[in-house]
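Chemist: Structure below; questions to follow.
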Amino acid sequence: MANQIYAFANQKGGVGKTTSCINLAASLVLSKKRILVCDLDPQGNATMGSGVDKNALDASMNELLQGTAKAQDVVISQTPAGYDLIPANSDLTEAEVVLLKKHGQQPLFLVKALSALKEDYDYIFLDCPPSLNMLTVNALSAADAVIIAMQCEYFALEGLTDLVNTVKQLQATLNPRLHIGAIIRTMFDGRNRLAAEVSSQLLEHFGNKVFQTVIPRNVRLAEAPSYGLPVQLYDKHSRGSAAYSALAGEFLRKEKAALKKETLKREKVKG
Ligand code: ATP
Ligand code: MG
């Protein structure tokens, strides 16, 4: 599919949302896709990891969400990785408070802001904070699907229930097209018995929504953001780089299959 918006979400912290968001984005750029990464986390990790100084921003996601800047004014084009970026920093907590006060239509702010940009990109990735707060609700209201990054640990599946319920709630109210698009197993070590067990439970519950490609623990992935680079540019021969390239390949095959399914459905309706 094209012109799709994906939210990288999991209210659990430190599971690899941002790492997956920026490295998958960078891998897709290498496949000639036009990508916009939106930082929706006041921590600004996606911003720094994209080589943009979060402490020196003129305009950011905060202004966009408060309606004081237009989308085209906050987009930084062509980060070193080759994708565009809407950056964020701690100012974004201000937007969260403002959004909370504007009862009723608040989750639609990002939808409106991104609608002006959707046609310019093959994929828009939203990097969510580790919480099911207003920023995440805004992201899930604007997204076509959620990509869940998760570590195969003891409480991981329990944590997923809250996220799945939030997705269902939004699907029933503000965003009928929202669904779980895919699950990425991050920092994976198949030799660890618990990880293997959780992984097989995950496959049982979510079937082919789980990417077959697993992301191993790899120190290059942890180092790359401090240089403001995706792993493909920091160390393209690393296991981390190979894993995210493989993930991008699988992502594009899934997209192609979804497009085919959609086209067949439309043709059937037409009769
Ligand atoms: P937060 O919830 O705080 O936004 P997150 O879910 O976005 O966190 P990341 O920031 O991507 O998670 O990753 C958490 C930490 O683990 C970071 O220091 C990151 O560099 C490191 N990390 C992520 N994936 C890997 C990996 N596959 N191998 C080694 N280190 C990793
Ligand atoms: Mg993050």
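Ordering of the structure tokens sets the chain letters (A, B, ...), residue numbers begin anew at 1 in every chain, and ligands are numbered from 1 in the order given.
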Ligand 1: which residues are within 10 Å, counting only C-alpha atoms and all ligand atoms, as an MDAnalysis selection string?
Modeler: chainID A and resid 8:23 40:46 49 127:131 148:151 185:189 214:226 239:241 243:244
Chemist: Write the residues of the selection above to a file with C-alpha atoms, as a compact mmCIF listing (two decimals), in the first residue's frame.
Modeler:
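Output below, filename part-v9.txt:
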# COMPACT_ATOMS: atom_id res chain seq x y z
CA PHE A 8 5.28 2.74 16.37
CA ALA A 9 3.73 2.19 19.76
CA ASN A 10 4.10 0.29 23.00
CA GLN A 11 3.44 1.90 26.35
CA LYS A 12 6.33 -0.12 27.76
CA GLY A 13 9.53 1.91 27.69
CA GLY A 14 12.83 0.97 26.12
CA VAL A 15 11.54 -1.84 23.91
CA GLY A 16 12.99 -0.60 20.61
CA LYS A 17 10.21 1.62 19.20
CA THR A 18 12.50 4.47 18.20
CA THR A 19 15.33 2.22 17.02
CA SER A 20 12.89 0.32 14.80
CA CYS A 21 11.18 3.48 13.56
CA ILE A 22 14.35 5.25 12.39
CA ASN A 23 16.24 2.23 11.10
CA LEU A 40 5.81 12.35 19.08
CA ASP A 41 7.94 11.81 22.14
CA PRO A 42 9.12 14.75 24.32
CA GLN A 43 12.32 12.72 24.90
CA GLY A 44 13.19 13.62 21.29
CA ASN A 45 15.08 10.36 20.71
CA ALA A 46 13.97 9.99 17.09
CA GLY A 49 18.90 9.72 16.30
CA ASP A 127 7.36 7.44 16.93
CA CYS A 128 5.17 7.32 20.07
CA PRO A 129 6.18 7.93 23.69
CA PRO A 130 6.14 5.07 26.21
CA SER A 131 2.66 5.82 27.49
CA ILE A 148 4.38 -2.82 17.87
CA ALA A 149 8.02 -3.17 18.85
CA MET A 150 8.46 -5.58 21.72
CA GLN A 151 11.01 -7.53 23.66
CA ARG A 185 10.57 -8.80 17.99
CA THR A 186 13.48 -6.63 19.14
CA MET A 187 16.71 -7.31 21.06
CA PHE A 188 15.98 -10.96 20.40
CA ASP A 189 18.06 -13.88 21.57
CA VAL A 214 13.85 -10.78 14.27
CA ILE A 215 16.09 -7.94 15.41
CA PRO A 216 19.02 -9.27 17.45
CA ARG A 217 20.68 -7.41 20.26
CA ASN A 218 23.54 -5.57 18.56
CA VAL A 219 25.71 -2.88 20.09
CA ARG A 220 25.98 -0.99 16.77
CA LEU A 221 22.23 -0.30 16.96
CA ALA A 222 22.71 1.28 20.38
CA GLU A 223 25.74 3.32 19.28
CA ALA A 224 24.39 4.71 15.99
CA PRO A 225 21.96 7.32 17.46
CA SER A 226 24.76 9.08 19.33
CA ARG A 239 24.15 -7.59 12.27
CA GLY A 240 21.82 -4.76 13.23
CA SER A 241 22.04 -3.24 9.78
CA ALA A 243 18.41 -7.20 10.36
CA TYR A 244 16.72 -3.88 9.57
Chemist: Neighbours of A:Lys32 within 12 Å (only C-alpha atoms; same-chain residues fewer than 5 positions away dropped), as a list in words?
Modeler: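 Skipping anything fewer than 5 positions along the chain leaves Ala25, Ala26, Ser27, Ala81, Gly82, Tyr83, Tyr121, Asp122, Tyr123, Ala248 and Leu252 of chain A.
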Chemist: Can I get the selection written as a PDB file, in the first residue's frame, with all heavy atoms?
Modeler:
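Result file follows (part.pdb):
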ATOM      1  N   ALA A  25      12.873   3.162   8.683  1.00  0.00           N
ATOM      2  CA  ALA A  25      12.710   4.310   7.779  1.00  0.00           C
ATOM      3  C   ALA A  25      13.933   4.444   6.868  1.00  0.00           C
ATOM      4  O   ALA A  25      13.812   4.579   5.645  1.00  0.00           O
ATOM      5  CB  ALA A  25      12.515   5.592   8.588  1.00  0.00           C
ATOM      6  N   ALA A  26      15.127   4.375   7.478  1.00  0.00           N
ATOM      7  CA  ALA A  26      16.365   4.528   6.692  1.00  0.00           C
ATOM      8  C   ALA A  26      16.509   3.391   5.680  1.00  0.00           C
ATOM      9  O   ALA A  26      16.945   3.617   4.546  1.00  0.00           O
ATOM     10  CB  ALA A  26      17.563   4.561   7.633  1.00  0.00           C
ATOM     11  N   SER A  27      16.139   2.182   6.061  1.00  0.00           N
ATOM     12  CA  SER A  27      16.235   1.044   5.125  1.00  0.00           C
ATOM     13  C   SER A  27      15.279   1.233   3.960  1.00  0.00           C
ATOM     14  O   SER A  27      15.601   0.877   2.823  1.00  0.00           O
ATOM     15  CB  SER A  27      15.877  -0.267   5.833  1.00  0.00           C
ATOM     16  OG  SER A  27      16.746  -0.488   6.903  1.00  0.00           O
ATOM     17  N   ALA A  81      19.980  10.412   6.938  1.00  0.00           N
ATOM     18  CA  ALA A  81      19.489   9.100   6.486  1.00  0.00           C
ATOM     19  C   ALA A  81      18.645   9.195   5.214  1.00  0.00           C
ATOM     20  O   ALA A  81      18.329   8.183   4.596  1.00  0.00           O
ATOM     21  CB  ALA A  81      18.665   8.451   7.591  1.00  0.00           C
ATOM     22  N   GLY A  82      18.248  10.421   4.850  1.00  0.00           N
ATOM     23  CA  GLY A  82      17.495  10.593   3.605  1.00  0.00           C
ATOM     24  C   GLY A  82      15.984  10.642   3.773  1.00  0.00           C
ATOM     25  O   GLY A  82      15.252  10.794   2.802  1.00  0.00           O
ATOM     26  N   TYR A  83      15.522  10.530   5.004  1.00  0.00           N
ATOM     27  CA  TYR A  83      14.079  10.716   5.214  1.00  0.00           C
ATOM     28  C   TYR A  83      13.843  12.121   5.764  1.00  0.00           C
ATOM     29  O   TYR A  83      14.764  12.785   6.242  1.00  0.00           O
ATOM     30  CB  TYR A  83      13.486   9.633   6.128  1.00  0.00           C
ATOM     31  CG  TYR A  83      14.159   9.443   7.475  1.00  0.00           C
ATOM     32  CD1 TYR A  83      13.992  10.358   8.510  1.00  0.00           C
ATOM     33  CD2 TYR A  83      14.960   8.335   7.725  1.00  0.00           C
ATOM     34  CE1 TYR A  83      14.597  10.185   9.740  1.00  0.00           C
ATOM     35  CE2 TYR A  83      15.580   8.146   8.961  1.00  0.00           C
ATOM     36  CZ  TYR A  83      15.387   9.074   9.957  1.00  0.00           C
ATOM     37  OH  TYR A  83      15.990   8.902  11.181  1.00  0.00           O
ATOM     38  N   TYR A 121       4.345  11.398   0.706  1.00  0.00           N
ATOM     39  CA  TYR A 121       5.205  10.314   1.191  1.00  0.00           C
ATOM     40  C   TYR A 121       4.595   8.943   0.916  1.00  0.00           C
ATOM     41  O   TYR A 121       3.382   8.784   0.916  1.00  0.00           O
ATOM     42  CB  TYR A 121       5.435  10.466   2.699  1.00  0.00           C
ATOM     43  CG  TYR A 121       6.154  11.751   3.035  1.00  0.00           C
ATOM     44  CD1 TYR A 121       5.459  12.890   3.442  1.00  0.00           C
ATOM     45  CD2 TYR A 121       7.539  11.843   2.899  1.00  0.00           C
ATOM     46  CE1 TYR A 121       6.120  14.077   3.720  1.00  0.00           C
ATOM     47  CE2 TYR A 121       8.209  13.031   3.166  1.00  0.00           C
ATOM     48  CZ  TYR A 121       7.495  14.140   3.580  1.00  0.00           C
ATOM     49  OH  TYR A 121       8.155  15.304   3.842  1.00  0.00           O
ATOM     50  N   ASP A 122       5.485   7.967   0.714  1.00  0.00           N
ATOM     51  CA  ASP A 122       4.998   6.590   0.630  1.00  0.00           C
ATOM     52  C   ASP A 122       4.558   6.128   2.018  1.00  0.00           C
ATOM     53  O   ASP A 122       3.513   5.511   2.177  1.00  0.00           O
ATOM     54  CB  ASP A 122       6.111   5.669   0.107  1.00  0.00           C
ATOM     55  CG  ASP A 122       6.474   5.999  -1.333  1.00  0.00           C
ATOM     56  OD1 ASP A 122       5.556   6.004  -2.175  1.00  0.00           O
ATOM     57  OD2 ASP A 122       7.657   6.296  -1.602  1.00  0.00           O
ATOM     58  N   TYR A 123       5.381   6.460   3.013  1.00  0.00           N
ATOM     59  CA  TYR A 123       5.044   6.060   4.387  1.00  0.00           C
ATOM     60  C   TYR A 123       5.385   7.170   5.364  1.00  0.00           C
ATOM     61  O   TYR A 123       6.428   7.806   5.250  1.00  0.00           O
ATOM     62  CB  TYR A 123       5.811   4.788   4.788  1.00  0.00           C
ATOM     63  CG  TYR A 123       5.515   3.643   3.853  1.00  0.00           C
ATOM     64  CD1 TYR A 123       6.467   3.208   2.934  1.00  0.00           C
ATOM     65  CD2 TYR A 123       4.269   3.019   3.860  1.00  0.00           C
ATOM     66  CE1 TYR A 123       6.186   2.187   2.044  1.00  0.00           C
ATOM     67  CE2 TYR A 123       3.979   2.000   2.976  1.00  0.00           C
ATOM     68  CZ  TYR A 123       4.936   1.590   2.069  1.00  0.00           C
ATOM     69  OH  TYR A 123       4.644   0.591   1.189  1.00  0.00           O
ATOM     70  N   ALA A 248      12.980  -4.440   6.282  1.00  0.00           N
ATOM     71  CA  ALA A 248      12.421  -3.556   5.255  1.00  0.00           C
ATOM     72  C   ALA A 248      11.940  -4.387   4.056  1.00  0.00           C
ATOM     73  O   ALA A 248      10.878  -4.115   3.486  1.00  0.00           O
ATOM     74  CB  ALA A 248      13.455  -2.532   4.806  1.00  0.00           C
ATOM     75  N   LEU A 252       8.084  -4.507   2.795  1.00  0.00           N
ATOM     76  CA  LEU A 252       7.631  -4.167   1.440  1.00  0.00           C
ATOM     77  C   LEU A 252       6.858  -5.332   0.802  1.00  0.00           C
ATOM     78  O   LEU A 252       5.896  -5.109   0.064  1.00  0.00           O
ATOM     79  CB  LEU A 252       8.818  -3.748   0.559  1.00  0.00           C
ATOM     80  CG  LEU A 252       9.434  -2.398   0.952  1.00  0.00           C
ATOM     81  CD1 LEU A 252      10.714  -2.130   0.169  1.00  0.00           C
ATOM     82  CD2 LEU A 252       8.436  -1.251   0.746  1.00  0.00           C
TER      83      LEU A 252
END
Chemist: Counting only C-alpha atoms and all ligand atoms, figure out which residue out of A:Val74, A:Ile5, A:Leu126, A:Leu114 gets nearest to ligand 2.
Modeler: A:Leu126
Chemist: Please return as number ranges by chain: the residues of stretch 38-204 of chain A that backbone DSSP assigns to helix (DSSP H, G or I).
Modeler: A: 45-49, 54-56, 61-66, 71-74, 92-101, 106-115, 118-120, 134-142, 156-172, 193-204
Chemist: Do a neighbour search on A:Asn192 at 12 Å with only C-alpha atoms, toss out local chain neighbours closer than 5 positions, and write the hits as an NGL selection string.
Modeler: :A and (152-154 or 187 or 197-199 or 216)
Chemist: Selected residues, N, CA and C atoms, written as a PDB file, in the first residue's frame, please.
Modeler:
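Okay, this is what ended up in selection.pdb:
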ATOM      1  N   CYS A 152      10.790  -9.931  23.846  1.00  0.00           N
ATOM      2  CA  CYS A 152      10.106 -11.153  24.277  1.00  0.00           C
ATOM      3  C   CYS A 152      10.487 -11.484  25.710  1.00  0.00           C
ATOM      4  N   GLU A 153       9.883 -10.751  26.647  1.00  0.00           N
ATOM      5  CA  GLU A 153      10.159 -10.930  28.069  1.00  0.00           C
ATOM      6  C   GLU A 153       8.902 -11.387  28.802  1.00  0.00           C
ATOM      7  N   TYR A 154       9.102 -11.641  30.100  1.00  0.00           N
ATOM      8  CA  TYR A 154       8.026 -12.255  30.876  1.00  0.00           C
ATOM      9  C   TYR A 154       6.687 -11.505  30.824  1.00  0.00           C
ATOM     10  N   MET A 187      15.675  -6.875  20.099  1.00  0.00           N
ATOM     11  CA  MET A 187      16.708  -7.306  21.060  1.00  0.00           C
ATOM     12  C   MET A 187      16.554  -8.797  21.341  1.00  0.00           C
ATOM     13  N   GLU A 197      10.005 -18.948  24.278  1.00  0.00           N
ATOM     14  CA  GLU A 197       8.649 -19.293  24.725  1.00  0.00           C
ATOM     15  C   GLU A 197       7.659 -18.150  24.443  1.00  0.00           C
ATOM     16  N   VAL A 198       8.053 -16.933  24.866  1.00  0.00           N
ATOM     17  CA  VAL A 198       7.191 -15.763  24.650  1.00  0.00           C
ATOM     18  C   VAL A 198       6.975 -15.567  23.147  1.00  0.00           C
ATOM     19  N   SER A 199       8.039 -15.793  22.385  1.00  0.00           N
ATOM     20  CA  SER A 199       7.957 -15.629  20.945  1.00  0.00           C
ATOM     21  C   SER A 199       6.937 -16.595  20.340  1.00  0.00           C
ATOM     22  N   PRO A 216      18.174  -8.788  16.344  1.00  0.00           N
ATOM     23  CA  PRO A 216      19.021  -9.271  17.447  1.00  0.00           C
ATOM     24  C   PRO A 216      19.525  -8.113  18.296  1.00  0.00           C
TER      25      PRO A 216
END
Chemist: I'd like to know which of A:Ser31, A:Thr263, A:Ala88, A:Arg177 is closest to ligand 2, using only C-alpha atoms and all ligand atoms.
Modeler: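 Answer, going by the shortest atom-to-atom distance: A:Ala88.
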Chemist: For atom CA of A:Val146 and atom CA of A:Gly190, quote the distance in Å rounded to one decimal.
Modeler: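 Atom-to-atom, atom CA of A:Val146 to atom CA of A:Gly190, that is 24.6 Å.
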Chemist: Hey, which of A:Gln4, A:Thr136, A:Ser245, A:Gln66 ends up closest to ligand 2? Count only C-alpha atoms and all ligand atoms.
Modeler: A:Thr136
Chemist: Go ahead and compute the interatomic distance for atom CA of A:Met134 and atom CA of A:Asp53, in Å to one decimal.
Modeler: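 Going from atom CA of A:Met134 over to atom CA of A:Asp53, I get 24.5 Å.
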Chemist: Name the residues of stretch 1-137 of chain A that fall into strand (DSSP E) according to DSSP on the backbone, using the chain letters and numbers of this document, as a PyMOL selection string.
Modeler: chain A and resi 4-9+35-39+84-86+123-127
Chemist: Neighbours of A:Thr93 within 9 Å (only C-alpha atoms; same-chain residues fewer than 2 positions away dropped), as JSON, numbers by chain?
Modeler: {"A": [41, 42, 62, 89, 90, 91, 95, 96, 97, 98, 135]}
Chemist: Put those residues in a file: N, CA, C and O atoms, as a compact mmCIF listing (two decimals), in the first residue's frame.
Modeler:
# COMPACT_ATOMS: atom_id res chain seq x y z
N ASP A 41 7.48 12.08 20.79
CA ASP A 41 7.94 11.81 22.14
C ASP A 41 8.76 13.01 22.65
O ASP A 41 9.75 13.38 22.01
N PRO A 42 8.35 13.61 23.78
CA PRO A 42 9.12 14.75 24.32
C PRO A 42 10.58 14.39 24.62
O PRO A 42 11.42 15.29 24.74
N ASN A 62 5.46 20.33 18.65
CA ASN A 62 4.69 21.09 19.62
C ASN A 62 3.84 22.16 18.92
O ASN A 62 2.62 22.24 19.12
N ASN A 89 10.97 18.00 21.01
CA ASN A 89 11.79 18.04 22.23
C ASN A 89 10.85 18.20 23.42
O ASN A 89 9.63 18.03 23.26
N SER A 90 11.39 18.54 24.56
CA SER A 90 10.57 18.55 25.78
C SER A 90 9.42 19.55 25.72
O SER A 90 8.46 19.45 26.50
N ASP A 91 9.47 20.52 24.78
CA ASP A 91 8.34 21.45 24.61
C ASP A 91 7.04 20.70 24.33
O ASP A 91 5.95 21.22 24.56
N ALA A 95 2.24 20.75 24.57
CA ALA A 95 1.16 20.42 23.64
C ALA A 95 0.25 19.36 24.25
O ALA A 95 -0.97 19.40 24.09
N GLU A 96 0.85 18.45 24.99
CA GLU A 96 0.03 17.39 25.58
C GLU A 96 -0.99 17.97 26.55
O GLU A 96 -2.15 17.60 26.55
N VAL A 97 -0.54 18.93 27.34
CA VAL A 97 -1.43 19.58 28.32
C VAL A 97 -2.53 20.35 27.59
O VAL A 97 -3.71 20.25 27.93
N VAL A 98 -2.14 21.09 26.55
CA VAL A 98 -3.12 21.87 25.79
C VAL A 98 -4.16 20.94 25.15
O VAL A 98 -5.36 21.20 25.19
N LEU A 135 -0.67 12.15 23.43
CA LEU A 135 0.20 12.16 22.24
C LEU A 135 0.04 10.84 21.49
O LEU A 135 -0.07 10.81 20.27
Chemist: Which is closer to A:His205 than all the others in A:Leu99, A:Leu259, A:Ile147, A:Val164, using only C-alpha atoms?
Modeler: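 Selected residue with least distance to A:His205: A:Val164.
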Chemist: Quick one, how far is atom CA of A:Ile184 from atom CA of A:Asn208?
Modeler: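 One can read the atom CA of A:Ile184 to atom CA of A:Asn208 distance as 11.3 Å.
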Chemist: When distances are computed from only C-alpha atoms and all ligand atoms, which of A:Ser60, A:Thr47, A:Ser200, A:Asn133 shows the smallest separation from ligand 2?
Modeler: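 Between A:Ser60, A:Thr47, A:Ser200, A:Asn133, the residue approaching ligand 2 most closely is A:Thr47.
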Chemist: Have a look at A:Leu110, A:Leu233, A:Ala116, A:Val37 and name the one nearest to A:Pro87; count only C-alpha atoms.
Modeler: A:Val37
